[in-house]
file model-v6.cif (mmCIF, C-alpha atoms and all ligand atoms)
data_entry
#
loop_
_atom_site.label_atom_id
_atom_site.label_comp_id
_atom_site.auth_asym_id
_atom_site.auth_seq_id
_atom_site.Cartn_x
_atom_site.Cartn_y
_atom_site.Cartn_z
CA MET K 1 -17.80 166.59 11.30
CA HIS K 2 -14.12 165.68 11.16
CA ILE K 3 -12.13 162.48 11.53
CA GLY K 4 -8.78 162.27 13.26
CA ILE K 5 -5.98 160.56 11.39
CA ILE K 6 -2.98 159.58 13.46
CA THR K 7 0.30 158.62 11.85
CA HIS K 8 4.04 159.28 12.20
CA HIS K 9 7.05 159.47 9.89
CA ASP K 10 8.82 156.87 12.08
CA CYS K 11 6.29 154.26 10.89
CA LEU K 12 7.78 154.56 7.37
CA LEU K 13 11.29 153.65 8.57
CA HIS K 14 10.45 150.13 9.74
CA ASP K 15 11.39 148.01 6.72
CA MET K 16 11.52 144.22 6.50
CA GLY K 17 13.10 144.03 3.03
CA ALA K 18 12.32 144.89 -0.57
CA HIS K 19 10.15 141.83 -1.18
CA HIS K 20 8.21 141.88 2.08
CA PRO K 21 4.51 142.67 1.52
CA GLU K 22 4.22 144.67 4.78
CA ARG K 23 6.12 147.65 3.40
CA PRO K 24 6.32 151.38 4.09
CA GLN K 25 4.53 152.29 0.83
CA ARG K 26 1.27 150.98 2.34
CA LEU K 27 0.90 154.13 4.44
CA SER K 28 1.63 156.42 1.49
CA ALA K 29 -0.91 154.57 -0.67
CA ILE K 30 -3.63 155.40 1.86
CA GLU K 31 -2.48 159.00 2.26
CA ASP K 32 -2.36 159.52 -1.53
CA GLN K 33 -5.84 158.07 -2.04
CA LEU K 34 -7.19 160.22 0.77
CA ILE K 35 -5.91 163.34 -0.99
CA ALA K 36 -7.21 162.17 -4.38
CA SER K 37 -10.67 161.50 -2.88
CA GLY K 38 -11.06 165.07 -1.59
CA LEU K 39 -11.86 163.71 1.89
CA ASN K 40 -8.62 165.16 3.20
CA VAL K 41 -10.41 168.44 3.96
CA MET K 42 -12.44 166.55 6.59
CA VAL K 43 -9.34 165.27 8.35
CA TRP K 44 -7.55 166.57 11.40
CA HIS K 45 -4.02 165.17 11.46
CA TYR K 46 -2.23 164.09 14.62
CA ASP K 47 1.25 162.69 15.32
CA ALA K 48 1.41 159.32 17.04
CA PRO K 49 3.16 159.49 20.44
CA LEU K 50 5.39 156.70 21.74
CA ALA K 51 3.50 154.16 23.85
CA THR K 52 4.83 153.91 27.40
CA ARG K 53 5.98 150.71 29.09
CA GLU K 54 2.99 150.95 31.43
CA GLN K 55 0.59 151.12 28.47
CA LEU K 56 2.25 148.12 26.78
CA GLU K 57 2.37 146.05 29.96
CA ARG K 58 -1.40 146.26 30.39
CA VAL K 59 -1.60 143.66 27.60
CA HIS K 60 1.93 142.24 27.23
CA ASP K 61 4.15 140.26 29.60
CA PRO K 62 6.73 142.73 31.02
CA ASP K 63 9.49 140.21 30.26
CA TYR K 64 8.35 140.08 26.62
CA VAL K 65 8.35 143.89 26.36
CA GLN K 66 11.86 143.98 27.86
CA GLN K 67 12.98 141.31 25.39
CA ILE K 68 11.76 143.39 22.41
CA PHE K 69 13.71 146.40 23.74
CA ASP K 70 16.79 144.22 24.37
CA VAL K 71 16.94 142.52 20.95
CA ALA K 72 16.18 145.63 18.84
CA PRO K 73 19.17 145.83 16.48
CA GLN K 74 21.42 148.89 16.21
CA GLU K 75 22.19 147.94 12.60
CA GLY K 76 21.16 145.25 10.13
CA ALA K 77 18.06 143.13 10.66
CA LEU K 78 16.91 140.56 13.20
CA ALA K 79 14.24 137.94 12.37
CA LEU K 80 11.88 137.09 15.26
CA ASP K 81 10.15 134.63 12.93
CA PRO K 82 10.58 134.14 9.15
CA ASP K 83 7.99 136.90 8.43
CA THR K 84 8.63 139.29 11.31
CA LEU K 85 11.89 141.24 11.21
CA MET K 86 13.28 144.16 13.17
CA ASN K 87 15.52 146.83 11.67
CA PRO K 88 17.04 149.70 13.71
CA HIS K 89 13.77 151.70 13.36
CA THR K 90 11.29 148.92 14.14
CA LEU K 91 11.10 149.42 17.90
CA THR K 92 10.31 153.13 17.54
CA ALA K 93 7.75 152.45 14.80
CA ALA K 94 6.07 149.78 16.94
CA LEU K 95 5.95 152.17 19.92
CA ARG K 96 4.37 154.83 17.67
CA ALA K 97 1.78 152.36 16.31
CA ALA K 98 0.73 151.33 19.83
CA GLY K 99 0.90 154.96 20.98
CA ALA K 100 -1.46 155.93 18.16
CA ALA K 101 -4.11 153.63 19.63
CA VAL K 102 -3.73 155.32 23.03
CA LYS K 103 -3.90 158.79 21.46
CA GLY K 104 -6.94 157.74 19.41
CA VAL K 105 -8.78 156.60 22.52
CA ASP K 106 -7.90 159.85 24.34
CA LEU K 107 -9.14 161.90 21.37
CA VAL K 108 -12.54 160.23 21.09
CA MET K 109 -13.02 160.14 24.88
CA SER K 110 -12.35 163.88 25.08
CA GLY K 111 -14.89 164.47 22.30
CA GLU K 112 -12.35 166.35 20.18
CA VAL K 113 -13.30 164.00 17.33
CA HIS K 114 -15.80 161.12 17.23
CA CYS K 115 -13.77 158.82 14.99
CA VAL K 116 -10.07 158.14 14.49
CA PHE K 117 -8.18 156.15 11.89
CA CYS K 118 -4.59 155.23 12.77
CA ASN K 119 -2.54 154.99 9.57
CA VAL K 120 0.34 153.20 11.27
CA ARG K 121 2.57 150.17 10.93
CA PRO K 122 3.74 147.65 12.06
CA PRO K 123 0.28 146.12 12.49
CA GLY K 124 -0.65 144.44 15.76
CA HIS K 125 -3.44 141.89 15.88
CA HIS K 126 -1.21 138.77 15.68
CA ALA K 127 0.98 139.89 18.62
CA GLU K 128 0.07 137.78 21.64
CA HIS K 129 0.60 138.42 25.35
CA ALA K 130 4.20 137.24 25.07
CA GLN K 131 4.85 136.50 21.41
CA ALA K 132 5.64 138.52 18.27
CA MET K 133 4.40 136.95 15.03
CA GLY K 134 2.81 137.64 11.63
CA PHE K 135 4.45 141.07 11.02
CA CYS K 136 3.29 142.21 14.52
CA PHE K 137 5.30 143.20 17.64
CA PHE K 138 2.89 144.98 20.01
CA ASN K 139 -0.88 144.52 19.81
CA ASN K 140 -1.93 148.06 18.98
CA VAL K 141 -5.70 147.59 19.16
CA ALA K 142 -5.37 145.74 22.48
CA VAL K 143 -3.17 148.49 23.92
CA GLY K 144 -5.89 150.99 22.96
CA ALA K 145 -8.74 148.94 24.41
CA ALA K 146 -6.84 148.33 27.66
CA HIS K 147 -6.14 152.07 27.90
CA ALA K 148 -9.85 152.79 27.54
CA LEU K 149 -10.60 150.39 30.42
CA ALA K 150 -7.76 151.45 32.72
CA ALA K 151 -7.37 155.18 32.10
CA HIS K 152 -10.93 156.15 31.14
CA GLY K 153 -12.82 153.69 33.34
CA LEU K 154 -14.90 152.20 30.54
CA GLU K 155 -16.63 148.91 31.31
CA ARG K 156 -17.45 147.67 27.79
CA VAL K 157 -15.14 148.00 24.78
CA ALA K 158 -15.86 146.12 21.54
CA ILE K 159 -13.09 145.21 19.10
CA VAL K 160 -14.21 144.26 15.60
CA ASP K 161 -11.65 142.69 13.26
CA PHE K 162 -12.35 142.20 9.54
CA ASP K 163 -8.75 141.45 8.52
CA VAL K 164 -8.54 138.27 6.41
CA HIS K 165 -6.41 136.66 9.13
CA HIS K 166 -7.75 135.71 12.56
CA GLY K 167 -6.68 138.16 15.27
CA ASN K 168 -5.13 135.44 17.41
CA GLY K 169 -3.18 137.96 19.48
CA THR K 170 -6.23 139.99 20.42
CA GLU K 171 -8.08 136.81 21.36
CA ASP K 172 -5.10 135.59 23.39
CA ILE K 173 -4.90 138.86 25.33
CA PHE K 174 -8.61 139.24 26.08
CA ARG K 175 -9.62 135.57 26.41
CA ASN K 176 -10.42 136.09 30.10
CA GLU K 177 -11.54 139.73 29.91
CA PRO K 178 -15.34 139.95 29.65
CA ARG K 179 -15.19 143.77 29.50
CA VAL K 180 -13.94 143.31 25.93
CA LEU K 181 -16.17 141.85 23.20
CA PHE K 182 -14.09 140.58 20.27
CA CYS K 183 -15.90 140.05 16.94
CA SER K 184 -13.83 138.66 14.07
CA THR K 185 -14.29 137.43 10.51
CA PHE K 186 -11.40 135.62 8.80
CA GLN K 187 -10.54 133.13 6.09
CA HIS K 188 -10.37 129.57 7.43
CA PRO K 189 -8.43 127.38 7.22
CA PHE K 190 -5.66 129.94 6.81
CA TYR K 191 -2.81 131.57 8.73
CA PRO K 192 -2.59 131.63 11.77
CA TYR K 193 -4.93 128.57 11.86
CA SER K 194 -6.64 129.70 15.08
CA GLY K 195 -10.07 130.87 16.12
CA ALA K 196 -12.37 128.34 14.48
CA ASP K 197 -12.91 126.32 17.66
CA THR K 198 -13.14 129.16 20.18
CA SER K 199 -16.08 128.92 22.56
CA SER K 200 -16.70 132.08 24.58
CA ASP K 201 -19.57 134.43 25.28
CA HIS K 202 -17.40 137.49 24.57
CA ILE K 203 -15.50 136.19 21.52
CA VAL K 204 -17.50 135.95 18.30
CA ASN K 205 -15.38 134.30 15.64
CA VAL K 206 -16.81 133.83 12.15
CA PRO K 207 -14.54 131.64 9.98
CA LEU K 208 -15.19 132.06 6.25
CA PRO K 209 -14.13 129.64 3.49
CA ALA K 210 -11.86 130.75 0.62
CA GLY K 211 -13.90 132.48 -2.09
CA THR K 212 -16.38 134.12 0.30
CA HIS K 213 -17.68 137.32 -1.29
CA GLY K 214 -19.26 140.46 0.06
CA LYS K 215 -22.90 139.34 0.13
CA GLN K 216 -21.97 136.38 2.31
CA LEU K 217 -19.94 138.66 4.56
CA HIS K 218 -22.99 140.92 5.01
CA LYS K 219 -25.09 137.92 6.05
CA ALA K 220 -22.44 136.73 8.52
CA VAL K 221 -22.13 140.18 10.09
CA GLU K 222 -25.92 140.51 10.40
CA LYS K 223 -26.28 137.02 11.85
CA TYR K 224 -23.35 136.94 14.30
CA TRP K 225 -21.71 140.32 14.91
CA LEU K 226 -24.64 142.71 15.14
CA PRO K 227 -26.72 140.76 17.70
CA ALA K 228 -23.61 140.37 19.89
CA LEU K 229 -22.78 144.08 19.59
CA HIS K 230 -26.34 145.16 20.42
CA ALA K 231 -26.45 142.83 23.44
CA PHE K 232 -23.05 144.12 24.66
CA LYS K 233 -23.82 147.84 24.22
CA PRO K 234 -20.19 148.96 23.78
CA GLN K 235 -19.10 152.35 25.17
CA LEU K 236 -16.31 152.43 22.55
CA ILE K 237 -15.67 150.44 19.38
CA MET K 238 -12.14 149.72 18.21
CA VAL K 239 -11.50 148.27 14.76
CA SER K 240 -8.71 146.01 13.55
CA ALA K 241 -9.01 147.34 10.02
CA GLY K 242 -7.20 144.93 7.76
CA PHE K 243 -8.01 145.21 4.07
CA ASP K 244 -6.37 141.96 2.93
CA ALA K 245 -9.72 140.22 2.37
CA HIS K 246 -10.05 142.41 -0.76
CA THR K 247 -10.44 140.37 -3.93
CA GLU K 248 -7.28 141.94 -5.40
CA ASP K 249 -5.10 141.19 -2.38
CA PRO K 250 -2.28 138.74 -3.19
CA LEU K 251 -2.00 137.10 0.25
CA ALA K 252 -5.45 135.54 0.66
CA GLU K 253 -8.55 134.23 -1.11
CA LEU K 254 -11.57 136.15 0.10
CA ALA K 255 -13.38 138.39 -2.41
CA PHE K 256 -14.44 141.60 -0.68
CA SER K 257 -14.55 145.00 -2.39
CA GLU K 258 -14.15 148.55 -1.16
CA GLN K 259 -17.96 148.79 -1.17
CA ASP K 260 -18.03 145.95 1.36
CA TYR K 261 -15.65 147.86 3.60
CA TYR K 262 -17.95 150.88 3.30
CA TRP K 263 -20.94 148.70 4.22
CA ILE K 264 -19.38 146.97 7.23
CA THR K 265 -17.98 150.26 8.55
CA GLY K 266 -21.42 151.84 8.25
CA LYS K 267 -22.88 149.03 10.37
CA ILE K 268 -20.14 149.49 12.99
CA LYS K 269 -20.77 153.25 13.03
CA LEU K 270 -24.51 152.76 13.60
CA VAL K 271 -23.80 150.64 16.69
CA ALA K 272 -21.31 153.25 17.92
CA ASP K 273 -23.87 156.00 17.40
CA GLU K 274 -26.48 154.05 19.38
CA TYR K 275 -24.39 153.12 22.42
CA ALA K 276 -20.97 154.81 22.32
CA HIS K 277 -21.59 158.48 21.43
CA GLY K 278 -20.26 157.58 17.97
CA ARG K 279 -16.79 156.74 19.31
CA VAL K 280 -14.74 154.57 16.92
CA VAL K 281 -10.95 154.12 16.92
CA SER K 282 -9.71 152.16 13.91
CA MET K 283 -6.23 150.68 13.54
CA LEU K 284 -4.69 149.68 10.21
CA GLU K 285 -3.81 145.98 10.17
CA GLY K 286 -3.26 144.13 6.82
CA GLY K 287 -3.82 145.01 3.15
CA TYR K 288 -1.05 144.38 0.66
CA GLU K 289 -2.22 145.36 -2.85
CA LEU K 290 -1.44 149.05 -2.71
CA HIS K 291 -4.23 150.36 -4.97
CA ALA K 292 -6.90 148.18 -3.38
CA LEU K 293 -5.56 149.11 0.06
CA GLY K 294 -5.80 152.84 -0.68
CA ARG K 295 -9.35 152.59 -2.06
CA SER K 296 -10.53 150.29 0.73
CA ALA K 297 -9.09 152.38 3.56
CA VAL K 298 -10.61 155.56 2.10
CA SER K 299 -14.01 153.82 1.76
CA HIS K 300 -13.67 152.89 5.44
CA ILE K 301 -12.79 156.49 6.39
CA ASP K 302 -15.65 157.77 4.22
CA ALA K 303 -18.13 155.58 6.10
CA LEU K 304 -16.72 156.66 9.47
CA LEU K 305 -17.37 160.24 8.41
CA GLY K 306 -20.94 159.18 7.63
CA TRP K 307 -20.91 160.45 4.06
ZN ZN A 401 -4.09 140.11 7.64
#

call {"tool": "encode", "arguments": {"input": "model-v6.cif", "output": "C-alpha cells"}}
result
Amino acid sequence: MHIGIITHHDCLLHDMGAHHPERPQRLSAIEDQLIASGLNVMVWHYDAPLATREQLERVHDPDYVQQIFDVAPQEGALALDPDTLMNPHTLTAALRAAGAAVKGVDLVMSGEVHCVFCNVRPPGHHAEHAQAMGFCFFNNVAVGAAHALAAHGLERVAIVDFDVHHGNGTEDIFRNEPRVLFCSTFQHPFYPYSGADTSSDHIVNVPLPAGTHGKQLHKAVEKYWLPALHAFKPQLIMVSAGFDAHTEDPLAELAFSEQDYYWITGKIKLVADEYAHGRVVSMLEGGYELHALGRSAVSHIDALLGW
C-alpha cells in the first residue's frame, strides 16, 4: 500500500512577503515531518503538471482566468486583495497546484495508487468562479472534482473540507451542481463570513463556535457529514485539507489536534473504501503554525495509508 504525494518546486517560489502566514516553508514543514515519521518509505512522489486553460475553465469564468494571466507581474508584487498577492512565480505555482488536483484524480482513477496528498500552494478553496481571495487564485479541489466528472465520467464526487475557514469558493462553484456533495466544518462567525445560512441538499455546512474541540468535531461529523456521505455514495472523495483549526494555529480559535485529523481522515477513508474503491485525493489548504502543520498533515497521510 502506497500513497502518492504530488508537489513541485515551483510552489515554493510563490511568496507574498516575509510576514505573510501563507509562506513557502509550509510545504517543507510537511516534507520534513514526513521524513522524520518514517512514512516516507510508503510514498510515491510525483511532480505536479501545469493545469490547462480547459481544466481551469470547467470551474472558473474564462474572463477571470484570462485576467489572472494578464495581471501576473513580471517583477515586484501585485495585490489582488490585501491578503492575496502575486509575485512573478505565482501564476506558475497556481497552475501547478490546480494541475496537482488533476494529476491526483488521474492517478487514483487509473488505480496506480488509491490515495493522493497534494503538498502544494497556493491553496484554493476561497477562490470563487470569478474571484481570487483569501490567499487563493484557482480553486484546486474544484478543478480536480470537475476533472473527475468531465474526463472520467463520474456521477458523484464528494468534497469534504475541514479547514477552519468556510470553503466559500467551492460552494460558489458547485452551488448548482448536484453531482458534487460538499461537506464542510468551519469556525463561525469568522472569515469569510459565509456558509452558515446555506440551504441545499448537496451542501452540508457545519458552523462551529470558537473554542470547539475535537470531541465536538467528532459528534458533528457523525451527525451531519457521515449520513450525507453514506446517502450520496461517492465514487471519489476529494479533501480540502486545511490544518488551521489546530489548537496551536495562530489564525483561528478552534482546538483540534493531530489526533483529530487522524480520526476524521479515518472516517473519510472508510466511506471511500465502501463506495469509491478507496479513492481519496487530498489538497493542502490552510495551516500556519509550521510544527502543528507538519504533525497534522502527517497524521492525515498516516490515516490515508490506513496505518
Ligand atoms: Zn483556512

call {"tool": "atom_distance", "arguments": {"input": "model-v6.cif", "atom1": "CA of His19 (chain K)", "atom2": "CA of Glu128 (chain K)"}}
result
25.3 Å

call {"tool": "residues_near_ligand", "arguments": {"input": "model-v6.cif", "ligand": "ligand ZN 401 (chain A)", "cutoff": "8 Å", "atoms": "all atoms listed in the file", "output": "JSON, numbers by chain"}}
result
{"K": [163, 164, 165, 166, 242, 243, 244, 245, 285, 286, 287]}

call {"tool": "write_last_selection", "arguments": {"input": "model-v6.cif", "atoms": "C-alpha atoms", "output": "short mmCIF file (atom, residue, chain, number, x, y, z; two decimals), keeping the file's coordinate frame"}}
result
data_model
loop_
_atom_site.label_atom_id
_atom_site.label_comp_id
_atom_site.auth_asym_id
_atom_site.auth_seq_id
_atom_site.Cartn_x
_atom_site.Cartn_y
_atom_site.Cartn_z
CA ASP K 163 -8.75 141.45 8.52
CA VAL K 164 -8.54 138.27 6.41
CA HIS K 165 -6.41 136.66 9.13
CA HIS K 166 -7.75 135.71 12.56
CA GLY K 242 -7.20 144.93 7.76
CA PHE K 243 -8.01 145.21 4.07
CA ASP K 244 -6.37 141.96 2.93
CA ALA K 245 -9.72 140.22 2.37
CA GLU K 285 -3.81 145.98 10.17
CA GLY K 286 -3.26 144.13 6.82
CA GLY K 287 -3.82 145.01 3.15
#

call {"tool": "residues_around", "arguments": {"input": "model-v6.cif", "residues": "Val120 (chain K)", "least_positions_apart": "3", "cutoff": "8 Å", "atoms": "only C-alpha atoms", "output": "list in words"}}
result
Ile6, Thr7, His8, Cys11, Leu27, Arg96, Ala97, Ala100, Pro123, Met283 and Leu284 of chain K

call {"tool": "write_last_selection", "arguments": {"input": "model-v6.cif", "atoms": "C-alpha atoms", "output": "PDB file, keeping the file's coordinate frame"}}
result
ATOM      1  CA  ILE K   6      -2.980 159.580  13.460  1.00  0.00           C
ATOM      2  CA  THR K   7       0.300 158.620  11.850  1.00  0.00           C
ATOM      3  CA  HIS K   8       4.040 159.280  12.200  1.00  0.00           C
ATOM      4  CA  CYS K  11       6.290 154.260  10.890  1.00  0.00           C
ATOM      5  CA  LEU K  27       0.900 154.130   4.440  1.00  0.00           C
ATOM      6  CA  ARG K  96       4.370 154.830  17.670  1.00  0.00           C
ATOM      7  CA  ALA K  97       1.780 152.360  16.310  1.00  0.00           C
ATOM      8  CA  ALA K 100      -1.460 155.930  18.160  1.00  0.00           C
ATOM      9  CA  PRO K 123       0.280 146.120  12.490  1.00  0.00           C
ATOM     10  CA  MET K 283      -6.230 150.680  13.540  1.00  0.00           C
ATOM     11  CA  LEU K 284      -4.690 149.680  10.210  1.00  0.00           C
TER      12      LEU K 284
END

call {"tool": "closest_residue", "arguments": {"input": "model-v6.cif", "among": "K:His246, K:His277, K:Lys215, K:Lys233", "to": "Trp263 (chain K)", "atoms": "all atoms listed in the file"}}
result
K:Lys215

call {"tool": "closest_residue", "arguments": {"input": "model-v6.cif", "among": "K:Asp15, K:Asp61, K:Asp273, K:Asp201", "to": "Ala77 (chain K)", "atoms": "all atoms listed in the file"}}
result
K:Asp15

call {"tool": "residues_around", "arguments": {"input": "model-v6.cif", "residues": "region 55-57 of chain K", "least_positions_apart": "3", "cutoff": "10 Å", "atoms": "all atoms listed in the file", "output": "PyMOL selection string"}}
result
chain K and resi 50-52+60-66+95+98-99+102+129+138-140+142-144+146-147+150-151

call {"tool": "closest_residue", "arguments": {"input": "model-v6.cif", "among": "K:Asp249, K:Glu289, K:Ala303, K:Val157", "to": "Tyr275 (chain K)", "atoms": "all atoms listed in the file"}}
result
K:Val157

call {"tool": "atom_distance", "arguments": {"input": "model-v6.cif", "atom1": "CA of Val43 (chain K)", "atom2": "CA of Met1 (chain K)"}}
result
9.1 Å

call {"tool": "closest_residue", "arguments": {"input": "model-v6.cif", "among": "K:Ala255, K:Gly17, K:Asp47, K:Pro189", "to": "Gly76 (chain K)", "atoms": "only C-alpha atoms"}}
result
K:Gly17

call {"tool": "closest_residue", "arguments": {"input": "model-v6.cif", "among": "K:Glu112, K:Glu54, K:Asp10, K:Asp161", "to": "Val221 (chain K)", "atoms": "all atoms listed in the file"}}
result
K:Asp161

call {"tool": "atom_distance", "arguments": {"input": "model-v6.cif", "atom1": "CA of Asn205 (chain K)", "atom2": "CA of Leu270 (chain K)"}}
result
20.7 Å

call {"tool": "axis_aligned_box", "arguments": {"input": "model-v6.cif", "around": "region 210-213 of chain K", "padding_each_side": "6 Å", "output": "lines of an AutoDock Vina configuration file"}}
result
center_x = -14.8
center_y = 134.0
center_z = -0.7
size_x = 17.8
size_y = 18.6
size_z = 14.7

call {"tool": "closest_residue", "arguments": {"input": "model-v6.cif", "among": "K:Tyr191, K:Val280, K:Tyr261, K:Pro88", "to": "Gly294 (chain K)", "atoms": "all atoms listed in the file"}}
result
K:Tyr261

call {"tool": "residues_near_point", "arguments": {"input": "model-v6.cif", "point": "(-21.6, 152.3, 22.9)", "cutoff": "6 Å", "atoms": "only C-alpha atoms", "output": "ChimeraX atom specification"}}
result
/K:233-236,272,275-276
